[in-house]
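**Q** Input structure: run.cif, which contains mmCIF, C-alpha atoms and all ligand atoms.
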data_work
loop_
_atom_site.label_atom_id
_atom_site.label_comp_id
_atom_site.auth_asym_id
_atom_site.auth_seq_id
_atom_site.Cartn_x
_atom_site.Cartn_y
_atom_site.Cartn_z
CA MET A 1 3.97 5.32 -19.82
CA THR A 2 2.13 2.15 -18.90
CA VAL A 3 -0.58 2.01 -16.27
CA MET A 4 0.10 -0.29 -13.32
CA VAL A 5 -3.20 0.22 -11.49
CA ASP A 6 -6.39 1.11 -13.29
CA ILE A 7 -9.44 1.75 -11.12
CA ARG A 8 -12.75 2.42 -12.88
CA SER A 9 -15.99 3.45 -11.20
CA VAL A 10 -15.37 1.36 -8.11
CA HIS A 11 -18.13 1.21 -5.52
CA LYS A 12 -18.03 -0.61 -2.20
CA SER A 13 -20.57 -0.76 0.59
CA PHE A 14 -20.63 -2.47 3.95
CA GLY A 15 -24.32 -3.12 4.56
CA SER A 16 -26.01 0.24 4.17
CA LEU A 17 -22.74 2.17 4.52
CA ASP A 18 -21.42 3.36 1.14
CA VAL A 19 -17.68 3.54 1.63
CA LEU A 20 -16.42 3.93 -1.95
CA LYS A 21 -18.79 5.92 -4.13
CA GLY A 22 -17.30 5.69 -7.59
CA ILE A 23 -13.51 5.81 -7.53
CA ASP A 24 -11.55 6.39 -10.74
CA LEU A 25 -7.78 6.38 -10.45
CA GLN A 26 -4.85 5.42 -12.62
CA VAL A 27 -1.38 4.82 -11.23
CA ARG A 28 1.38 4.77 -13.81
CA THR A 29 4.26 2.36 -13.64
CA GLY A 30 7.18 3.80 -11.70
CA GLU A 31 5.13 6.51 -10.04
CA VAL A 32 4.25 7.25 -6.43
CA THR A 33 0.67 8.12 -5.56
CA VAL A 34 0.03 9.51 -2.09
CA VAL A 35 -3.53 9.26 -0.79
CA LEU A 36 -4.64 11.75 1.84
CA GLY A 37 -7.95 12.17 3.54
CA PRO A 38 -9.74 12.22 6.86
CA SER A 39 -10.30 9.10 8.91
CA GLY A 40 -13.23 7.09 7.59
CA SER A 41 -13.00 8.47 4.06
CA GLY A 42 -12.35 5.01 2.57
CA LYS A 43 -8.57 5.03 2.07
CA SER A 44 -7.89 1.63 3.63
CA THR A 45 -10.89 0.11 1.88
CA LEU A 46 -9.55 1.39 -1.43
CA LEU A 47 -6.16 -0.25 -0.82
CA ARG A 48 -7.79 -3.48 0.29
CA THR A 49 -10.00 -3.47 -2.80
CA ILE A 50 -6.99 -3.06 -5.10
CA ASN A 51 -5.53 -6.14 -3.47
CA HIS A 52 -8.86 -8.01 -3.61
CA LEU A 53 -8.90 -8.33 0.16
CA GLU A 54 -12.28 -6.66 -0.33
CA LYS A 55 -14.37 -7.25 -3.42
CA ALA A 56 -15.65 -4.17 -5.21
CA ASP A 57 -19.44 -4.19 -5.58
CA ARG A 58 -19.23 -2.39 -8.92
CA GLY A 59 -16.52 -1.19 -11.25
CA GLU A 60 -13.26 -2.82 -12.13
CA ILE A 61 -9.67 -2.75 -10.98
CA THR A 62 -6.73 -4.10 -12.92
CA VAL A 63 -3.19 -4.42 -11.60
CA ASP A 64 -0.49 -4.89 -14.20
CA GLY A 65 -3.15 -5.46 -16.82
CA ALA A 66 -5.40 -7.99 -15.07
CA PRO A 67 -7.91 -8.08 -12.22
CA VAL A 68 -6.53 -9.75 -9.08
CA GLY A 69 -9.71 -11.68 -8.32
CA TYR A 70 -11.31 -12.30 -11.69
CA ARG A 71 -10.80 -13.84 -15.07
CA ARG A 72 -12.32 -12.06 -18.03
CA ALA A 73 -14.12 -13.96 -20.75
CA GLY A 74 -15.55 -11.62 -23.33
CA ASP A 75 -17.61 -9.07 -21.41
CA ARG A 76 -17.97 -11.18 -18.30
CA LEU A 77 -15.82 -11.55 -15.23
CA TYR A 78 -15.55 -14.86 -13.43
CA GLU A 79 -14.22 -15.18 -9.90
CA LEU A 80 -10.91 -16.95 -9.67
CA PRO A 81 -10.25 -19.78 -7.22
CA GLU A 82 -8.60 -18.69 -3.98
CA ARG A 83 -5.18 -20.16 -4.79
CA GLU A 84 -5.04 -18.19 -8.04
CA VAL A 85 -6.05 -15.00 -6.18
CA LEU A 86 -3.26 -15.67 -3.69
CA ARG A 87 -0.80 -16.20 -6.52
CA ARG A 88 -1.76 -12.93 -8.18
CA ARG A 89 -1.68 -11.14 -4.85
CA THR A 90 1.98 -12.08 -4.41
CA LYS A 91 2.71 -9.42 -7.04
CA ILE A 92 1.36 -6.73 -4.72
CA GLY A 93 3.24 -5.91 -1.53
CA PHE A 94 1.16 -4.58 1.36
CA VAL A 95 2.63 -2.75 4.34
CA PHE A 96 0.27 -2.16 7.25
CA GLN A 97 0.15 0.47 9.96
CA ASN A 98 0.83 -2.15 12.65
CA PHE A 99 3.65 -4.03 10.85
CA ARG A 100 2.03 -7.46 11.35
CA LEU A 101 5.28 -9.37 11.60
CA PHE A 102 5.19 -13.00 12.71
CA PRO A 103 6.17 -12.66 16.40
CA HIS A 104 7.49 -16.21 16.74
CA LEU A 105 9.86 -15.89 13.76
CA THR A 106 13.20 -14.12 13.62
CA VAL A 107 13.58 -11.07 11.44
CA LEU A 108 15.31 -13.19 8.82
CA ASP A 109 12.57 -15.83 8.84
CA ASN A 110 9.90 -13.15 8.57
CA VAL A 111 11.48 -12.10 5.28
CA VAL A 112 12.18 -15.65 4.08
CA GLU A 113 8.74 -17.07 4.82
CA ALA A 114 6.71 -15.84 1.83
CA PRO A 115 9.21 -16.54 -0.97
CA VAL A 116 9.64 -20.08 0.33
CA SER A 117 5.97 -20.85 1.03
CA ALA A 118 4.24 -18.83 -1.70
CA LEU A 119 6.83 -18.86 -4.49
CA LYS A 120 8.48 -22.21 -3.63
CA ARG A 121 11.92 -20.63 -3.75
CA PRO A 122 14.80 -22.74 -2.45
CA ARG A 123 15.42 -21.68 1.14
CA ALA A 124 19.11 -20.88 0.59
CA GLN A 125 18.19 -18.51 -2.21
CA ALA A 126 15.48 -16.84 -0.10
CA VAL A 127 17.92 -16.47 2.81
CA ALA A 128 20.53 -14.80 0.60
CA GLN A 129 17.89 -12.44 -0.77
CA ALA A 130 16.59 -11.69 2.75
CA HIS A 131 20.07 -10.67 3.88
CA ARG A 132 20.33 -8.31 0.91
CA LEU A 133 16.92 -6.81 1.65
CA LEU A 134 17.68 -6.37 5.35
CA ALA A 135 20.87 -4.55 4.40
CA ARG A 136 18.85 -2.36 2.06
CA VAL A 137 16.53 -1.26 4.89
CA GLY A 138 19.47 -0.77 7.26
CA LEU A 139 18.91 -3.86 9.41
CA ALA A 140 21.70 -6.23 8.38
CA ASP A 141 22.64 -6.68 12.03
CA LYS A 142 19.11 -7.63 13.17
CA ALA A 143 18.61 -10.82 11.16
CA ASP A 144 18.54 -13.05 14.24
CA ALA A 145 16.47 -10.77 16.45
CA TYR A 146 12.77 -11.30 17.14
CA PRO A 147 10.24 -8.57 16.33
CA ALA A 148 9.59 -7.80 20.01
CA GLN A 149 13.27 -6.89 20.41
CA LEU A 150 13.01 -4.15 17.78
CA SER A 151 11.70 -0.60 17.83
CA GLY A 152 8.56 0.18 15.87
CA GLY A 153 10.60 1.84 13.14
CA GLN A 154 12.82 -1.22 12.84
CA GLN A 155 9.79 -3.52 12.76
CA GLN A 156 8.24 -1.49 9.98
CA ARG A 157 11.47 -1.64 7.99
CA VAL A 158 11.42 -5.44 8.37
CA ALA A 159 7.84 -5.40 7.12
CA ILE A 160 8.99 -3.46 4.06
CA ALA A 161 11.82 -5.94 3.45
CA ARG A 162 9.29 -8.75 3.79
CA ALA A 163 7.02 -7.12 1.21
CA LEU A 164 9.95 -6.65 -1.17
CA ALA A 165 10.94 -10.30 -0.88
CA LEU A 166 8.13 -11.26 -3.26
CA GLU A 167 9.53 -8.82 -5.82
CA PRO A 168 6.15 -7.14 -6.17
CA ARG A 169 5.16 -5.03 -9.16
CA LEU A 170 3.27 -2.70 -6.82
CA LEU A 171 3.64 -1.70 -3.18
CA LEU A 172 0.69 -0.52 -1.09
CA PHE A 173 1.34 1.29 2.20
CA ASP A 174 -1.50 1.93 4.64
CA GLU A 175 -0.36 4.67 7.04
CA PRO A 176 3.07 3.05 7.48
CA THR A 177 4.25 5.60 10.06
CA SER A 178 1.04 6.31 11.99
CA ALA A 179 1.83 3.83 14.77
CA LEU A 180 5.37 5.11 15.28
CA ASP A 181 6.82 7.47 17.83
CA PRO A 182 7.66 10.73 16.05
CA GLU A 183 11.41 10.19 16.24
CA LEU A 184 11.07 6.88 14.34
CA VAL A 185 8.99 8.18 11.43
CA GLY A 186 11.96 9.49 9.47
CA GLU A 187 13.82 6.18 9.20
CA VAL A 188 10.76 4.51 7.65
CA LEU A 189 10.06 7.40 5.28
CA ASP A 190 13.74 7.27 4.23
CA VAL A 191 13.28 3.67 3.11
CA ILE A 192 10.12 4.50 1.16
CA ARG A 193 11.84 7.53 -0.37
CA ASP A 194 14.69 5.27 -1.46
CA LEU A 195 12.23 2.86 -3.10
CA ALA A 196 10.62 5.77 -4.91
CA ALA A 197 14.00 6.93 -6.20
CA GLN A 198 14.49 3.47 -7.67
CA GLY A 199 11.23 3.64 -9.59
CA THR A 200 9.07 1.39 -7.42
CA THR A 201 5.37 1.81 -8.17
CA MET A 202 3.64 2.67 -4.91
CA ILE A 203 0.40 3.88 -3.41
CA VAL A 204 1.03 5.38 0.01
CA VAL A 205 -1.76 6.37 2.38
CA THR A 206 -0.19 8.79 4.82
CA HIS A 207 -0.70 12.04 6.68
CA GLU A 208 2.96 13.03 6.19
CA ILE A 209 2.46 16.08 4.01
CA ALA A 210 6.13 17.04 3.71
CA PHE A 211 6.88 13.51 2.50
CA ALA A 212 4.01 13.70 -0.01
CA ARG A 213 5.26 17.01 -1.33
CA GLU A 214 8.72 15.61 -1.89
CA VAL A 215 8.05 12.07 -3.10
CA ALA A 216 4.61 11.94 -4.72
CA ASP A 217 4.08 12.17 -8.44
CA THR A 218 0.35 12.41 -7.76
CA VAL A 219 -1.50 13.39 -4.61
CA VAL A 220 -5.06 12.17 -4.22
CA PHE A 221 -7.36 13.73 -1.65
CA MET A 222 -10.28 11.51 -0.60
CA ALA A 223 -13.29 12.45 1.46
CA ASP A 224 -16.49 10.59 2.13
CA GLY A 225 -15.80 7.78 -0.36
CA ARG A 226 -14.85 9.98 -3.28
CA ILE A 227 -11.74 11.46 -4.80
CA VAL A 228 -12.28 15.15 -4.23
CA GLU A 229 -9.12 16.34 -5.91
CA GLN A 230 -6.01 14.85 -7.48
CA GLY A 231 -2.94 16.15 -9.23
CA PRO A 232 0.73 16.89 -8.78
CA PRO A 233 1.71 17.79 -5.19
CA GLU A 234 2.50 21.39 -6.07
CA ALA A 235 -1.11 21.81 -7.17
CA VAL A 236 -3.05 19.76 -4.60
CA LEU A 237 -0.90 20.67 -1.59
CA ALA A 238 0.13 24.23 -2.40
CA ALA A 239 -2.94 25.45 -4.26
CA PRO A 240 -5.89 23.15 -3.54
CA ARG A 241 -9.00 24.02 -5.52
CA GLU A 242 -11.48 22.36 -3.19
CA GLU A 243 -12.56 23.74 0.16
CA ARG A 244 -12.53 20.26 1.74
CA THR A 245 -8.90 19.76 0.71
CA ARG A 246 -7.98 23.15 2.19
CA ALA A 247 -9.76 22.38 5.45
CA PHE A 248 -8.01 19.00 5.73
CA LEU A 249 -4.57 20.42 5.00
CA ALA A 250 -5.10 23.20 7.53
CA LYS A 251 -5.65 20.49 10.17
CA VAL A 252 -2.71 18.23 9.37
CA LEU A 253 -0.06 20.82 8.48
P1 LIG A 301 -9.95 5.27 6.24
O1 LIG A 301 -8.88 4.28 5.98
O2 LIG A 301 -9.97 6.41 5.28
O3 LIG A 301 -9.93 5.76 7.66
P2 LIG A 301 -11.71 3.00 5.96
O4 LIG A 301 -11.62 2.55 4.56
O5 LIG A 301 -10.96 2.22 6.98
O6 LIG A 301 -11.34 4.56 6.03
O7 LIG A 301 -13.22 3.00 6.41
C1 LIG A 301 -14.22 3.72 5.73
C2 LIG A 301 -15.56 3.42 6.40
O8 LIG A 301 -15.88 2.07 6.18
C3 LIG A 301 -15.54 3.64 7.89
O9 LIG A 301 -16.79 4.17 8.27
C4 LIG A 301 -15.37 2.23 8.42
O10 LIG A 301 -15.93 2.12 9.70
C5 LIG A 301 -16.12 1.42 7.42
N1 LIG A 301 -15.61 0.05 7.28
C6 LIG A 301 -14.37 -0.31 6.86
N2 LIG A 301 -14.23 -1.63 6.81
C7 LIG A 301 -15.43 -2.16 7.20
C8 LIG A 301 -15.94 -3.49 7.34
N3 LIG A 301 -15.19 -4.56 7.07
N4 LIG A 301 -17.20 -3.62 7.75
C9 LIG A 301 -17.99 -2.54 8.01
N5 LIG A 301 -17.58 -1.27 7.89
C10 LIG A 301 -16.31 -1.07 7.48
MG MG A 302 -7.30 3.62 7.11
#
Could you show the structure in this file as structure tokens?
**A**
Amino acid sequence: MTVMVDIRSVHKSFGSLDVLKGIDLQVRTGEVTVVLGPSGSGKSTLLRTINHLEKADRGEITVDGAPVGYRRAGDRLYELPEREVLRRRTKIGFVFQNFRLFPHLTVLDNVVEAPVSALKRPRAQAVAQAHRLLARVGLADKADAYPAQLSGGQQQRVAIARALALEPRLLLFDEPTSALDPELVGEVLDVIRDLAAQGTTMIVVTHEIAFAREVADTVVFMADGRIVEQGPPEAVLAAPREERTRAFLAKVL
């Protein structure tokens, strides 16, 4: 199996605050990695670092074989110009806790925007693809609505369709259901579950343990900037070796 994301000895600090203290993680192509951990443990920073929204201070991350923000020449890494970083970043879909849809655009135009502006796709082609993606997330009838007219669960499904429109090699989810009313969580998890079944490579930060147990190939437990424990869900969730993992699971289950 090939490795889609390869994270080696990654460190990241904000001023004197060490947020990532040496992260090593490999995500294989076609697999789902679920990241768990208490608030402040560095989960969002890790996702943002993968995407080069934050620069690692030390260590190296490759996505699909290459760093997002650097060019390698021999042993040295050189920072890439912003437009090249943006181009590489189009291969990574990012779904945020708060959806972050464009409020002034219709649902359809939210999905069409990036393929047209970032990939220079013909608009008609992007529109046809957007309709297919909206159908896939169960929102074929909402193409002409505006985000404010949708429930949170519907908005998040639009955000997923928007991420898919760039045909990413990797999808990153940062607590995609944490901002939702409980009754809307399931419809978003169903879409992510469906993507997993189709072999989409994903890293999902979530507190939904039942979802992790069912969908994850690997569960990673982070605390205080480190990976405390990782392995298949039946090991990490059912028989955690580390006391900190047990304490966390006792709180969220
Ligand atoms: P998590 O997603 O696990 O809750 P985060 O990665 O968001 O954790 O944050 C880890 C720590 O880093 C927290 O203490 C947070 O306040 C701090 N932090 C995150 N981003 C920044 C930033 N841009 N500047 C300063 N501190 C930050
Ligand atoms: Mg977070």
**Q** Taking 6 positions as the minimum chain separation for residues in the same chain, which residues sit within 12 Å of Leu171 (chain A) when counting all atoms listed in the file? Answer as a PyMOL selection string.
**A** chain A and resi 4-5+27+29-34+47+50-51+63+89-96+159-165+192+195-196+199-205
**Q** How many Å separate CA of Val219 (chain A) from CA of Leu249 (chain A)?
**A**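 One can read the CA of Val219 (chain A) to CA of Leu249 (chain A) distance as 12.3 Å.
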**Q** From the set A:Phe173, A:Phe99, A:Tyr146, A:Tyr70, which residue has the shortest atom-to-atom contact distance to ligand MG 302 (chain A), counting only C-alpha atoms and all ligand atoms?
**A**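 Closest to ligand MG 302 (chain A) of all the choices is A:Phe173.
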**Q** Which residues of chain A sit at most 12 Å from ligand MG 302 (chain A), using all atoms listed in the file? Give each one's shortest atom pair and distance in Å (one decimal place), in chain and ascending residue order, as CSV.
**A**
residue,atom,partner,partner_atom,distance
A:Val19,CA,A:MG302,MG,11.7
A:Val35,CA,A:MG302,MG,10.4
A:Leu36,CA,A:MG302,MG,10.0
A:Gly37,CA,A:MG302,MG,9.3
A:Pro38,CA,A:MG302,MG,8.9
A:Ser39,CA,A:MG302,MG,6.5
A:Gly40,CA,A:MG302,MG,6.9
A:Ser41,CA,A:MG302,MG,8.1
A:Gly42,CA,A:MG302,MG,6.9
A:Lys43,CA,A:MG302,MG,5.4
A:Ser44,CA,A:MG302,MG,4.1
A:Thr45,CA,A:MG302,MG,7.2
A:Leu46,CA,A:MG302,MG,9.1
A:Leu47,CA,A:MG302,MG,8.9
A:Arg48,CA,A:MG302,MG,9.9
A:Phe96,CA,A:MG302,MG,9.5
A:Gln97,CA,A:MG302,MG,8.6
A:Asn98,CA,A:MG302,MG,11.4
A:Phe173,CA,A:MG302,MG,10.2
A:Asp174,CA,A:MG302,MG,6.5
A:Glu175,CA,A:MG302,MG,7.0
A:Pro176,CA,A:MG302,MG,10.4
A:Ser178,CA,A:MG302,MG,10.0
A:Ala179,CA,A:MG302,MG,11.9
A:Val204,CA,A:MG302,MG,11.1
A:Val205,CA,A:MG302,MG,7.8
A:Thr206,CA,A:MG302,MG,9.1
A:His207,CA,A:MG302,MG,10.7
A:Met222,CA,A:MG302,MG,11.4
**Q** From the options A:Leu101, A:Ile227, A:Ala114, A:Ala250, which residue's atoms come nearest to ligand LIG 301 (chain A), counting all atoms listed in the file?
**A** A:Ile227
